[in-house]
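Text of the file upload-v8.txt, holding compact mmCIF, C-alpha atoms:
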```txt
# COMPACT_ATOMS: atom_id res chain seq x y z
CA MET A 1214 -124.46 16.02 13.63
CA LYS A 1215 -124.66 15.97 9.83
CA VAL A 1216 -121.23 15.63 8.28
CA PHE A 1217 -120.55 16.57 4.68
CA ARG A 1218 -117.39 15.27 3.06
CA ARG A 1219 -114.39 16.97 1.53
CA HIS A 1220 -112.40 15.62 -1.41
CA SER A 1221 -108.69 16.43 -1.75
CA SER A 1222 -105.24 15.07 -0.93
CA MET A 1223 -101.76 16.24 0.00
CA GLY A 1224 -98.29 15.09 0.90
CA ALA A 1225 -96.74 14.99 4.40
CA LEU A 1226 -93.85 16.60 6.27
CA SER A 1227 -92.22 15.35 9.46
CA GLY A 1228 -93.63 16.40 12.83
CA ILE A 1229 -90.16 17.63 13.81
CA ALA A 1230 -90.10 20.04 10.87
CA ILE A 1231 -93.54 21.34 11.73
CA MET A 1232 -92.58 21.97 15.35
CA ALA A 1233 -89.45 23.89 14.34
CA ILE A 1234 -91.38 26.16 11.96
CA LEU A 1235 -94.24 26.72 14.39
CA THR A 1236 -91.89 27.56 17.26
CA THR A 1237 -90.27 30.25 15.12
CA ALA A 1238 -93.64 31.59 13.96
CA ALA A 1239 -95.04 31.69 17.49
CA CYS A 1240 -92.20 33.98 18.60
CA ALA A 1241 -92.77 36.50 15.80
CA THR A 1242 -95.14 39.46 15.99
CA PRO A 1243 -95.42 40.79 12.44
CA THR A 1244 -97.82 43.42 11.22
CA ALA A 1245 -101.03 41.88 9.91
CA SER A 1246 -101.50 41.85 6.15
CA ALA A 1247 -104.73 42.83 4.46
CA PRO A 1248 -107.17 40.06 3.50
CA SER A 1249 -107.31 39.12 -0.16
CA GLN A 1250 -110.34 39.77 -2.30
CA GLU A 1251 -110.59 36.00 -2.72
CA LEU A 1252 -110.96 35.50 1.05
CA THR A 1253 -113.53 38.28 1.54
CA ALA A 1254 -115.51 37.02 -1.46
CA ALA A 1255 -115.45 33.48 -0.05
CA MET A 1256 -116.77 34.73 3.30
CA ASP A 1257 -119.56 36.62 1.55
CA GLN A 1258 -120.41 33.40 -0.28
CA VAL A 1259 -120.82 31.63 3.08
CA VAL A 1260 -123.49 34.16 4.03
CA ASN A 1261 -125.08 33.92 0.60
CA SER A 1262 -125.29 30.14 1.02
CA GLY A 1263 -127.57 30.55 4.03
CA PHE A 1264 -125.46 31.07 7.15
CA PRO A 1265 -126.30 34.06 9.37
CA GLY A 1266 -122.62 34.91 9.82
CA VAL A 1267 -119.03 33.71 9.62
CA GLN A 1268 -115.79 34.70 11.31
CA ALA A 1269 -112.21 33.84 10.36
CA VAL A 1270 -109.39 34.34 12.89
CA ILE A 1271 -105.90 34.05 11.41
CA ASP A 1272 -102.59 34.10 13.28
CA GLY A 1273 -99.03 33.47 12.17
CA PRO A 1274 -96.36 34.95 9.89
CA GLY A 1275 -98.91 37.36 8.41
CA GLY A 1276 -99.84 38.71 11.84
CA HIS A 1277 -103.25 38.56 13.53
CA ARG A 1278 -106.44 39.13 11.57
CA THR A 1279 -110.10 38.78 12.47
CA LEU A 1280 -112.54 38.93 9.58
CA THR A 1281 -116.34 38.73 9.66
CA ALA A 1282 -119.22 38.60 7.24
CA GLY A 1283 -122.94 38.52 7.89
CA VAL A 1284 -124.29 38.87 11.42
CA GLY A 1285 -123.82 37.31 14.81
CA ASP A 1286 -127.38 38.16 15.84
CA LEU A 1287 -130.25 38.17 13.37
CA ARG A 1288 -132.49 40.22 15.67
CA THR A 1289 -130.09 43.12 16.20
CA GLY A 1290 -127.93 42.80 13.07
CA THR A 1291 -124.81 42.87 15.25
CA PRO A 1292 -121.77 41.17 13.64
CA PHE A 1293 -119.48 38.66 15.36
CA ALA A 1294 -117.37 40.46 17.99
CA ASP A 1295 -113.62 40.24 17.42
CA ASN A 1296 -113.22 38.09 20.53
CA ALA A 1297 -116.50 36.21 20.14
CA GLN A 1298 -116.94 33.12 22.30
CA VAL A 1299 -118.57 30.16 20.55
CA ARG A 1300 -119.35 26.55 21.27
CA ILE A 1301 -116.43 24.62 19.75
CA GLY A 1302 -118.00 21.16 19.57
CA SER A 1303 -115.57 18.34 18.90
CA ASN A 1304 -112.51 20.58 19.12
CA THR A 1305 -113.02 19.61 22.78
CA LYS A 1306 -111.61 16.20 21.82
CA THR A 1307 -108.16 17.69 21.21
CA PHE A 1308 -108.08 19.06 24.77
CA VAL A 1309 -109.13 15.66 26.14
CA ALA A 1310 -106.62 13.72 24.04
CA THR A 1311 -103.82 16.05 25.12
CA VAL A 1312 -104.58 15.42 28.80
CA ILE A 1313 -104.66 11.65 28.21
CA LEU A 1314 -101.27 11.78 26.48
CA GLN A 1315 -99.84 13.88 29.30
CA LEU A 1316 -100.99 11.13 31.67
CA VAL A 1317 -99.27 8.60 29.40
CA ALA A 1318 -96.06 10.63 29.61
CA GLU A 1319 -96.39 10.64 33.41
CA GLY A 1320 -96.70 6.85 33.48
CA LYS A 1321 -100.28 6.94 34.78
CA VAL A 1322 -101.95 5.58 31.64
CA GLU A 1323 -100.80 3.08 29.00
CA LEU A 1324 -102.04 3.66 25.46
CA ASP A 1325 -102.36 -0.02 24.64
CA ALA A 1326 -103.79 -1.12 27.99
CA PRO A 1327 -107.40 -2.33 28.05
CA VAL A 1328 -110.03 0.19 29.06
CA GLU A 1329 -111.20 -2.29 31.69
CA ARG A 1330 -108.05 -1.58 33.69
CA TYR A 1331 -109.11 2.03 34.25
CA LEU A 1332 -112.90 1.77 34.04
CA PRO A 1333 -113.79 -1.67 35.41
CA GLY A 1334 -117.26 -2.82 34.45
CA VAL A 1335 -118.10 0.33 32.49
CA VAL A 1336 -117.67 -0.94 28.91
CA GLN A 1337 -119.81 -4.04 29.22
CA GLY A 1338 -123.12 -5.18 27.75
CA SER A 1339 -124.68 -6.06 24.39
CA GLY A 1340 -121.37 -7.55 23.25
CA ASN A 1341 -119.23 -4.55 24.23
CA ASP A 1342 -116.16 -5.57 26.24
CA GLY A 1343 -113.66 -3.18 27.81
CA ASN A 1344 -111.16 -6.03 28.10
CA ARG A 1345 -110.82 -6.06 24.30
CA ILE A 1346 -110.67 -2.28 23.75
CA THR A 1347 -107.56 -0.17 24.37
CA VAL A 1348 -107.12 3.46 25.36
CA ARG A 1349 -105.53 4.12 21.95
CA GLN A 1350 -108.61 2.72 20.22
CA LEU A 1351 -110.84 5.14 22.12
CA LEU A 1352 -108.60 8.05 21.13
CA GLN A 1353 -108.55 7.02 17.48
CA HIS A 1354 -112.19 5.92 17.13
CA THR A 1355 -111.18 2.33 16.36
CA SER A 1356 -112.90 0.84 19.43
CA GLY A 1357 -116.14 -0.19 17.75
CA VAL A 1358 -118.27 1.05 20.65
CA PRO A 1359 -121.68 2.37 19.54
CA ASP A 1360 -122.48 6.07 19.59
CA TYR A 1361 -124.99 7.35 22.13
CA LEU A 1362 -125.78 10.22 19.72
CA GLY A 1363 -127.81 9.94 16.57
CA HIS A 1364 -126.67 11.16 13.16
CA GLY A 1365 -127.73 14.44 11.59
CA ARG A 1366 -129.94 14.71 8.54
CA ALA A 1367 -129.65 17.33 5.82
CA ASP A 1368 -132.89 18.97 7.03
CA GLY A 1369 -131.36 19.61 10.47
CA GLY A 1370 -133.14 16.77 12.24
CA MET A 1371 -131.59 13.59 13.60
CA GLU A 1372 -131.62 9.91 12.69
CA THR A 1373 -131.60 7.82 15.86
CA THR A 1374 -131.67 4.09 16.50
CA GLY A 1375 -132.02 2.17 19.73
CA ASN A 1376 -131.45 4.43 22.73
CA GLN A 1377 -129.53 7.14 20.85
CA LEU A 1378 -130.07 10.76 21.85
CA ASP A 1379 -131.38 13.51 19.60
CA PRO A 1380 -129.61 16.69 20.82
CA THR A 1381 -131.97 18.90 18.81
CA SER A 1382 -135.03 17.76 20.75
CA ASP A 1383 -136.43 20.08 23.43
CA THR A 1384 -136.06 17.35 26.05
CA THR A 1385 -132.36 16.70 25.38
CA ARG A 1386 -131.60 20.38 24.87
CA HIS A 1387 -132.54 21.23 28.46
CA GLN A 1388 -131.69 17.99 30.27
CA GLN A 1389 -128.67 17.40 32.50
CA PHE A 1390 -126.75 14.20 31.75
CA ALA A 1391 -123.91 12.54 33.63
CA PRO A 1392 -121.18 10.85 31.55
CA ALA A 1393 -122.16 7.48 33.00
CA ASP A 1394 -125.72 8.04 31.74
CA LEU A 1395 -124.44 8.51 28.19
CA VAL A 1396 -122.22 5.44 28.32
CA ARG A 1397 -125.03 3.29 29.69
CA MET A 1398 -127.16 4.32 26.69
CA ALA A 1399 -124.38 3.24 24.36
CA MET A 1400 -123.92 -0.08 26.13
CA THR A 1401 -127.53 -1.06 25.38
CA MET A 1402 -126.52 -1.31 21.70
CA PRO A 1403 -124.18 -3.83 20.07
CA PRO A 1404 -120.68 -2.83 18.91
CA ASN A 1405 -120.38 -1.30 15.47
CA PHE A 1406 -117.42 -3.53 14.58
CA GLU A 1407 -114.59 -5.56 16.10
CA PRO A 1408 -112.09 -3.42 18.06
CA GLY A 1409 -109.28 -2.28 15.77
CA ALA A 1410 -111.01 -3.36 12.54
CA LYS A 1411 -111.49 0.20 11.27
CA SER A 1412 -112.09 3.77 12.41
CA VAL A 1413 -115.60 5.20 12.77
CA TYR A 1414 -115.94 8.57 14.50
CA THR A 1415 -117.92 7.95 17.71
CA ASN A 1416 -118.59 10.40 20.54
CA THR A 1417 -118.87 7.65 23.16
CA ASN A 1418 -115.11 7.14 22.88
CA TYR A 1419 -114.39 10.59 24.28
CA ILE A 1420 -117.04 10.42 26.99
CA LEU A 1421 -115.19 7.31 28.19
CA LEU A 1422 -111.86 9.14 28.00
CA GLY A 1423 -113.26 11.90 30.19
CA MET A 1424 -114.34 9.28 32.72
CA LEU A 1425 -110.87 7.74 32.52
CA ILE A 1426 -109.24 11.10 33.30
CA GLU A 1427 -111.38 11.46 36.40
CA ARG A 1428 -110.73 7.88 37.54
CA VAL A 1429 -106.94 8.23 37.15
CA THR A 1430 -106.50 11.77 38.52
CA GLY A 1431 -109.33 11.96 41.04
CA GLN A 1432 -110.41 15.25 39.45
CA PRO A 1433 -113.19 16.04 36.94
CA PRO A 1434 -111.85 16.31 33.39
CA ALA A 1435 -112.76 20.01 33.29
CA VAL A 1436 -110.42 20.63 36.23
CA GLU A 1437 -107.56 18.74 34.58
CA ILE A 1438 -108.10 20.48 31.23
CA THR A 1439 -108.04 23.84 33.00
CA ARG A 1440 -104.96 23.04 35.09
CA ARG A 1441 -102.95 21.39 32.34
CA ILE A 1442 -103.90 23.40 29.24
CA ILE A 1443 -106.12 26.44 29.75
CA GLU A 1444 -104.13 28.08 32.56
CA PRO A 1445 -100.59 27.38 31.24
CA LEU A 1446 -101.54 28.79 27.82
CA ASP A 1447 -103.52 31.69 29.32
CA LEU A 1448 -106.64 30.81 27.33
CA ARG A 1449 -108.78 33.32 29.19
CA ALA A 1450 -111.90 32.90 27.07
CA THR A 1451 -111.85 29.08 27.04
CA TYR A 1452 -113.87 27.02 29.48
CA PHE A 1453 -115.90 23.91 30.13
CA PRO A 1454 -119.51 24.85 31.03
CA ALA A 1455 -120.53 23.99 34.58
CA ASP A 1456 -123.48 21.70 35.23
CA GLY A 1457 -126.68 23.52 34.34
CA ASP A 1458 -124.88 26.34 32.51
CA THR A 1459 -126.86 26.83 29.31
CA GLY A 1460 -125.49 30.20 28.19
CA ILE A 1461 -122.30 31.52 26.63
CA ARG A 1462 -120.21 34.24 28.24
CA ASP A 1463 -120.13 37.63 26.53
CA PRO A 1464 -119.32 38.61 23.93
CA HIS A 1465 -120.91 35.88 21.86
CA PRO A 1466 -122.97 35.53 18.70
CA SER A 1467 -126.34 33.82 18.75
CA GLY A 1468 -126.26 30.23 17.53
CA TYR A 1469 -128.98 29.07 15.16
CA HIS A 1470 -130.22 25.70 13.98
CA GLU A 1471 -132.62 24.84 11.18
CA ILE A 1472 -135.11 21.98 11.47
CA ASP A 1473 -137.50 21.32 8.58
CA GLY A 1474 -136.67 24.72 7.11
CA LYS A 1475 -137.39 26.64 10.30
CA ARG A 1476 -134.51 28.58 11.88
CA ILE A 1477 -134.41 28.38 15.69
CA ASP A 1478 -132.25 30.31 18.14
CA PHE A 1479 -130.24 27.52 19.78
CA THR A 1480 -127.91 29.70 21.87
CA ASP A 1481 -129.46 28.51 25.12
CA LEU A 1482 -128.30 24.89 25.32
CA ASN A 1483 -127.36 22.44 28.04
CA THR A 1484 -124.39 20.67 26.46
CA SER A 1485 -123.98 18.02 29.14
CA TRP A 1486 -125.01 15.52 26.45
CA ALA A 1487 -121.80 16.49 24.60
CA GLY A 1488 -119.52 16.43 27.67
CA THR A 1489 -115.88 15.62 26.94
CA ALA A 1490 -116.86 14.82 23.37
CA GLY A 1491 -117.84 18.40 22.55
CA ALA A 1492 -119.10 20.77 25.26
CA MET A 1493 -116.34 23.38 25.51
CA ILE A 1494 -116.50 27.10 24.64
CA SER A 1495 -113.64 29.22 23.29
CA THR A 1496 -112.63 31.95 20.84
CA GLY A 1497 -110.78 31.84 17.54
CA SER A 1498 -107.70 33.44 19.09
CA ASP A 1499 -107.61 30.98 21.99
CA LEU A 1500 -108.02 28.00 19.67
CA ASN A 1501 -105.19 29.23 17.46
CA ARG A 1502 -103.02 29.57 20.56
CA LEU A 1503 -103.91 26.02 21.62
CA PHE A 1504 -103.09 24.39 18.30
CA ILE A 1505 -99.89 26.40 17.79
CA ALA A 1506 -98.72 25.36 21.28
CA LEU A 1507 -99.62 21.73 20.65
CA LEU A 1508 -97.95 21.58 17.24
CA SER A 1509 -94.82 23.35 18.51
CA GLY A 1510 -94.27 20.81 21.29
CA ARG A 1511 -95.27 22.93 24.30
CA LEU A 1512 -97.94 20.57 25.61
CA LEU A 1513 -96.56 17.08 25.00
CA PRO A 1514 -93.16 15.37 25.02
CA ALA A 1515 -91.93 14.36 21.56
CA ALA A 1516 -92.74 10.68 22.05
CA GLN A 1517 -96.38 11.31 22.91
CA PHE A 1518 -96.81 13.94 20.21
CA ALA A 1519 -95.49 11.43 17.67
CA GLN A 1520 -98.18 8.99 18.82
CA MET A 1521 -100.78 11.71 18.41
CA GLN A 1522 -99.77 12.14 14.76
CA ARG A 1523 -100.05 8.45 13.86
CA THR A 1524 -103.19 8.47 11.74
CA VAL A 1525 -105.76 6.11 10.33
CA PRO A 1526 -108.15 6.95 7.47
CA PHE A 1527 -110.84 9.33 8.74
CA ASP A 1528 -114.32 8.09 7.86
CA ARG A 1529 -115.78 11.62 7.95
CA GLY A 1530 -113.22 13.21 5.64
CA PRO A 1531 -111.85 11.46 2.55
CA GLY A 1532 -108.14 12.23 2.26
CA GLU A 1533 -107.93 13.15 5.94
CA GLY A 1534 -106.23 11.12 8.66
CA TYR A 1535 -107.30 10.84 12.29
CA GLY A 1536 -104.59 10.61 14.90
CA LEU A 1537 -105.18 10.71 18.64
CA GLY A 1538 -107.57 13.64 18.89
CA LEU A 1539 -105.84 15.39 15.98
CA ILE A 1540 -106.75 15.47 12.29
CA HIS A 1541 -104.37 15.69 9.35
CA ARG A 1542 -106.17 17.90 6.82
CA PRO A 1543 -105.53 18.12 3.07
CA VAL A 1544 -105.69 21.63 1.59
CA PRO A 1545 -105.44 22.69 -2.08
CA CYS A 1546 -102.08 24.47 -1.77
CA GLY A 1547 -100.41 21.32 -0.38
CA LYS A 1548 -99.43 22.74 3.02
CA GLU A 1549 -99.06 20.37 5.96
CA VAL A 1550 -102.07 21.12 8.18
CA TRP A 1551 -103.12 19.62 11.51
CA GLY A 1552 -106.19 20.55 13.53
CA HIS A 1553 -109.62 19.22 14.38
CA GLY A 1554 -113.06 20.78 13.96
CA GLY A 1555 -116.41 20.78 15.69
CA SER A 1556 -120.13 20.76 14.94
CA ILE A 1557 -122.82 21.37 17.53
CA PRO A 1558 -126.32 22.83 17.12
CA GLY A 1559 -125.72 26.55 16.70
CA PHE A 1560 -122.07 26.48 15.64
CA GLU A 1561 -119.59 25.02 13.18
CA VAL A 1562 -115.89 25.60 13.98
CA ARG A 1563 -112.97 24.58 11.70
CA THR A 1564 -109.43 24.68 13.10
CA GLY A 1565 -105.95 24.04 11.77
CA VAL A 1566 -102.29 25.03 11.81
CA ALA A 1567 -99.99 24.85 8.80
CA ALA A 1568 -96.29 24.00 8.86
CA ASP A 1569 -95.41 27.64 8.10
CA GLY A 1570 -97.07 28.70 11.36
CA THR A 1571 -100.35 29.96 9.91
CA ALA A 1572 -103.22 29.11 12.28
CA VAL A 1573 -106.85 29.50 11.24
CA VAL A 1574 -110.21 29.17 12.95
CA VAL A 1575 -113.38 29.58 10.89
CA SER A 1576 -116.64 29.78 12.85
CA THR A 1577 -120.24 30.00 11.69
CA ASN A 1578 -123.27 30.47 13.91
CA GLN A 1579 -125.28 27.73 12.24
CA LEU A 1580 -124.48 24.23 10.98
CA PRO A 1581 -124.29 23.66 7.22
CA ASP A 1582 -127.47 22.15 5.80
CA SER A 1583 -126.15 21.07 2.41
CA GLN A 1584 -122.96 20.02 0.68
CA ALA A 1585 -122.79 23.44 -0.99
CA ALA A 1586 -122.95 25.18 2.39
CA PHE A 1587 -120.30 22.85 3.80
CA ASP A 1588 -118.05 23.51 0.79
CA ALA A 1589 -118.48 27.28 1.17
CA VAL A 1590 -117.12 27.16 4.74
CA GLU A 1591 -114.37 24.78 3.69
CA LYS A 1592 -113.31 27.21 0.96
CA VAL A 1593 -112.87 30.02 3.50
CA PHE A 1594 -110.66 27.79 5.65
CA ASP A 1595 -108.61 26.63 2.64
CA ILE A 1596 -108.01 30.16 1.34
CA ALA A 1597 -107.10 31.47 4.79
CA ILE A 1598 -104.69 28.63 5.64
CA CYS A 1599 -103.09 28.92 2.21
CA GLY A 1600 -102.30 32.59 2.79
CA GLY A 1601 -105.32 34.36 1.31
```
The structure in this file should be written as structure tokens.
Amino acid sequence: MKVFRRHSSMGALSGIAIMAILTTAACATPTASAPSQELTAAMDQVVNSGFPGVQAVIDGPGGHRTLTAGVGDLRTGTPFADNAQVRIGSNTKTFVATVILQLVAEGKVELDAPVERYLPGVVQGSGNDGNRITVRQLLQHTSGVPDYLGHGRADGGMETTGNQLDPTSDTTRHQQFAPADLVRMAMTMPPNFEPGAKSVYTNTNYILLGMLIERVTGQPPAVEITRRIIEPLDLRATYFPADGDTGIRDPHPSGYHEIDGKRIDFTDLNTSWAGTAGAMISTGSDLNRLFIALLSGRLLPAAQFAQMQRTVPFDRGPGEGYGLGLIHRPVPCGKEVWGHGGSIPGFEVRTGVAADGTAVVVSTNQLPDSQAAFDAVEKVFDIAICGG
């Protein structure tokens, strides 16, 4: 989808220091502090910039807070519920990367092995070659494989080339896709660049990683994500939609999408086209729990977590670094922040955890349609993560 860029920079702390601070913060249960006027004003500005509603869920040393502005449903005027379930888009990639790195720790996958070893004959065609692409390169978007999805325009529509999908079209919105279908579309197009030459965010990488999980474990990726992450962390409102499941479990806001200036209710959506690149559903509280657990060392051994934090420049966020399914985010106050983020028709979800243990999820029920709208959401996240 359309990606607007942020512009800022920050220094770095060691992963060991972050884990120590987060472990301490995760064990504390302080009384929540009141939101600042700056934060509430920033959330109001998000609504004023054109979003139906926005929710910020904050956990950490300041306690637990859930703040909302605007509405979750334009028809009824109902606000976001405190435990609202939303489509989390590419935050799904962090779940997938964590499972892959667990398999690395178990000796079942090698990061620098060619993809061909695990998915023989799958990454082939139009110059694409799985013998020259490694698992690490899929995780870090340095593989060069083409994207099966088109790119969003500012008006809410999509730019597509070749056999790329437009997820905002009525056909794609209601169609069921298998991961192999999506990869075959990508393989009809030439590589974007030589493997390892640079990093370009590409959803095909994570569809392939989902296929790899199934090939190695013998189980669908949704089963492994549930067994390895969702159940151990008790993420009760987090799930991977089943085939044909086009709804969102209650409570949930309605998700909207604008095309050519017309706002459409996009809540009903078959996200099989997103798959392991972005189909999951969760809540702000569950996502905070996930990222706190990941950053505090509960999900990965130290060696694999260190690999996850080795970043390359992120093409969709100047000043940001992309690790293995984890993004290093600059924020104005200079805190060390790691998270991800996700965009899918109907929802925009920003996530991150700071070194002091503050975890923030900001969700809107519509994608930004301008740089100003993107910046308004970014400001809410920055104020919240910086202690506002």
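Pairwise distance (CA of Ala1455 in chain A, CA of Ala1294 in chain A) equals 23.6 Å.
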Handout entry: Pick from A:Ser1556, A:Ser1412, A:Ser1509, A:Asn1304, whichever lies nearest to Gly1570 in chain A using all atoms listed in the file
Key = A:Ser1509
Practice task
Could you tell me which of A:Gly1338, A:Leu1324, A:Ile1461, A:Ser1467 comes closest to Gly1290 in chain A if we count all atoms listed in the file?
Solution key: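 Checking each of A:Gly1338, A:Leu1324, A:Ile1461, A:Ser1467 against Gly1290 in chain A, counting all atoms listed in the file, the winner is A:Ser1467.
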Problem - Residue contacts of Tyr1452 in chain A (10 Å, only C-alpha atoms) excluding same-chain residues fewer than 2 positions away, as a PyMOL selection string - result: chain A and resi 1298+1300+1435-1436+1438-1439+1443+1448-1450+1454-1455+1461-1462+1492-1495
Problem - Between CA of Thr1291 in chain A and CA of Asn1261 in chain A - distance in Å to one decimal - result: 17.2 Å
Problem - Polymer residues at most 10 Å from Pro1445 in chain A, all atoms listed in the file, same-chain spacing of 5 or more positions, as a PyMOL selection string - result: chain A and resi 1439-1440+1511-1512
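Taking CA of Thr1401 in chain A and CA of Asn1376 in chain A as the two end points, the separation is 7.2 Å.
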Problem - Nearest residue to Tyr1419 in chain A from the set A:Tyr1361, A:Phe1518, A:Trp1551, A:Phe1453 (distances using all atoms listed in the file) - result: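 Among A:Tyr1361, A:Phe1518, A:Trp1551, A:Phe1453, it is A:Tyr1361 that comes nearest to Tyr1419 in chain A.
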Exercise for the section: Up to 10 Å from (-106.3, 24.9, 9.1) in the file's coordinates: name the residues, counting all atoms listed in the file, as a PyMOL selection string. Expected result: chain A and resi 1271+1501+1504+1540-1544+1548-1554+1563-1567+1571-1575+1591+1594-1599
Practice task
Can you work out which one of A:Met1521, A:Leu1287, A:Ile1301, A:Leu1421 has the shortest atom-to-atom distance to Thr1347 in chain A, counting only C-alpha atoms?
Solution key: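 Closest candidate: A:Leu1421.
Distances to Pro1265 in chain A were evaluated for A:Ile1505, A:Leu1580, A:Ala1586, A:Val1284 using only C-alpha atoms, and the minimum falls at A:Val1284.
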Ala1391 in chain A: which residues within 10 Å, counting all atoms listed in the file, same-chain residues fewer than 5 positions away excluded, as an mmCIF file with C-alpha atoms, keeping the file's coordinate frame?
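See around.cif below for the written result:
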```
data_model
loop_
_atom_site.group_PDB
_atom_site.id
_atom_site.type_symbol
_atom_site.label_atom_id
_atom_site.label_comp_id
_atom_site.auth_asym_id
_atom_site.auth_seq_id
_atom_site.Cartn_x
_atom_site.Cartn_y
_atom_site.Cartn_z
ATOM 1 C CA VAL A 1396 -122.220 5.440 28.320
ATOM 2 C CA ILE A 1420 -117.040 10.420 26.990
ATOM 3 C CA ASP A 1456 -123.480 21.700 35.230
ATOM 4 C CA SER A 1485 -123.980 18.020 29.140
ATOM 5 C CA TRP A 1486 -125.010 15.520 26.450
ATOM 6 C CA GLY A 1488 -119.520 16.430 27.670
#
```
Closest-contact table, range 1401-1504 of chain A side, partner range 1377-1381 of chain A, 10 Å, counting all atoms listed in the file, as a Markdown table:
```
| residue | atom | partner | partner_atom | distance |
| --- | --- | --- | --- | --- |
| A:Thr1401 | CA | A:Gln1377 | CA | 9.6 |
| A:Met1402 | CA | A:Gln1377 | CA | 9.0 |
| A:His1470 | CA | A:Thr1381 | CA | 8.5 |
| A:Glu1471 | CA | A:Thr1381 | CA | 9.7 |
| A:Ile1472 | CA | A:Thr1381 | CA | 8.6 |
| A:Phe1479 | CA | A:Thr1381 | CA | 8.8 |
| A:Leu1482 | CA | A:Pro1380 | CA | 9.4 |
| A:Asn1483 | CA | A:Pro1380 | CA | 9.5 |
| A:Thr1484 | CA | A:Pro1380 | CA | 8.7 |
| A:Trp1486 | CA | A:Pro1380 | CA | 7.4 |
| A:Ala1487 | CA | A:Pro1380 | CA | 8.7 |
```
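Ranking A:Asp1257, A:Gly1547, A:Asp1582, A:Asp1588 by their shortest atom-to-atom distance to Asp1473 in chain A, with all atoms listed in the file included, puts A:Asp1582 first.
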When you write range 1401-1416 of chain A out from the block above, keep N, CA and C atoms and present the result as a compact mmCIF listing (two decimals), in the first residue's frame, please.
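See result_35.txt below for the written result:
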```
# COMPACT_ATOMS: atom_id res chain seq x y z
N THR A 1401 6.63 -14.55 -12.63
CA THR A 1401 6.45 -14.17 -14.03
C THR A 1401 7.14 -12.84 -14.34
N MET A 1402 7.68 -12.19 -13.30
CA MET A 1402 8.34 -10.90 -13.46
C MET A 1402 9.82 -11.03 -13.15
N PRO A 1403 10.67 -10.23 -13.77
CA PRO A 1403 12.11 -10.32 -13.50
C PRO A 1403 12.46 -9.80 -12.12
N PRO A 1404 13.63 -10.20 -11.59
CA PRO A 1404 14.07 -9.70 -10.28
C PRO A 1404 14.18 -8.18 -10.30
N ASN A 1405 14.01 -7.60 -9.13
CA ASN A 1405 14.18 -6.15 -9.01
C ASN A 1405 15.64 -5.74 -9.00
N PHE A 1406 16.50 -6.62 -8.49
CA PHE A 1406 17.94 -6.34 -8.40
C PHE A 1406 18.66 -7.63 -8.05
N GLU A 1407 19.98 -7.61 -8.10
CA GLU A 1407 20.78 -8.77 -7.76
C GLU A 1407 20.64 -9.09 -6.27
N PRO A 1408 20.50 -10.36 -5.90
CA PRO A 1408 20.39 -10.71 -4.47
C PRO A 1408 21.52 -10.09 -3.65
N GLY A 1409 21.14 -9.43 -2.55
CA GLY A 1409 22.11 -8.84 -1.65
C GLY A 1409 22.57 -7.44 -2.02
N ALA A 1410 22.15 -6.94 -3.19
CA ALA A 1410 22.64 -5.63 -3.64
C ALA A 1410 22.08 -4.48 -2.80
N LYS A 1411 20.85 -4.60 -2.35
CA LYS A 1411 20.22 -3.57 -1.53
C LYS A 1411 18.99 -4.17 -0.88
N SER A 1412 18.25 -3.35 -0.15
CA SER A 1412 17.03 -3.81 0.50
C SER A 1412 15.84 -3.03 -0.05
N VAL A 1413 14.86 -3.76 -0.58
CA VAL A 1413 13.61 -3.17 -1.06
C VAL A 1413 12.47 -4.01 -0.49
N TYR A 1414 11.64 -3.38 0.31
CA TYR A 1414 10.55 -4.07 1.02
C TYR A 1414 9.62 -4.75 0.03
N THR A 1415 9.48 -6.07 0.15
CA THR A 1415 8.75 -6.87 -0.84
C THR A 1415 7.96 -7.96 -0.15
N ASN A 1416 6.66 -7.98 -0.34
CA ASN A 1416 5.80 -8.94 0.35
C ASN A 1416 6.05 -10.38 -0.06
```
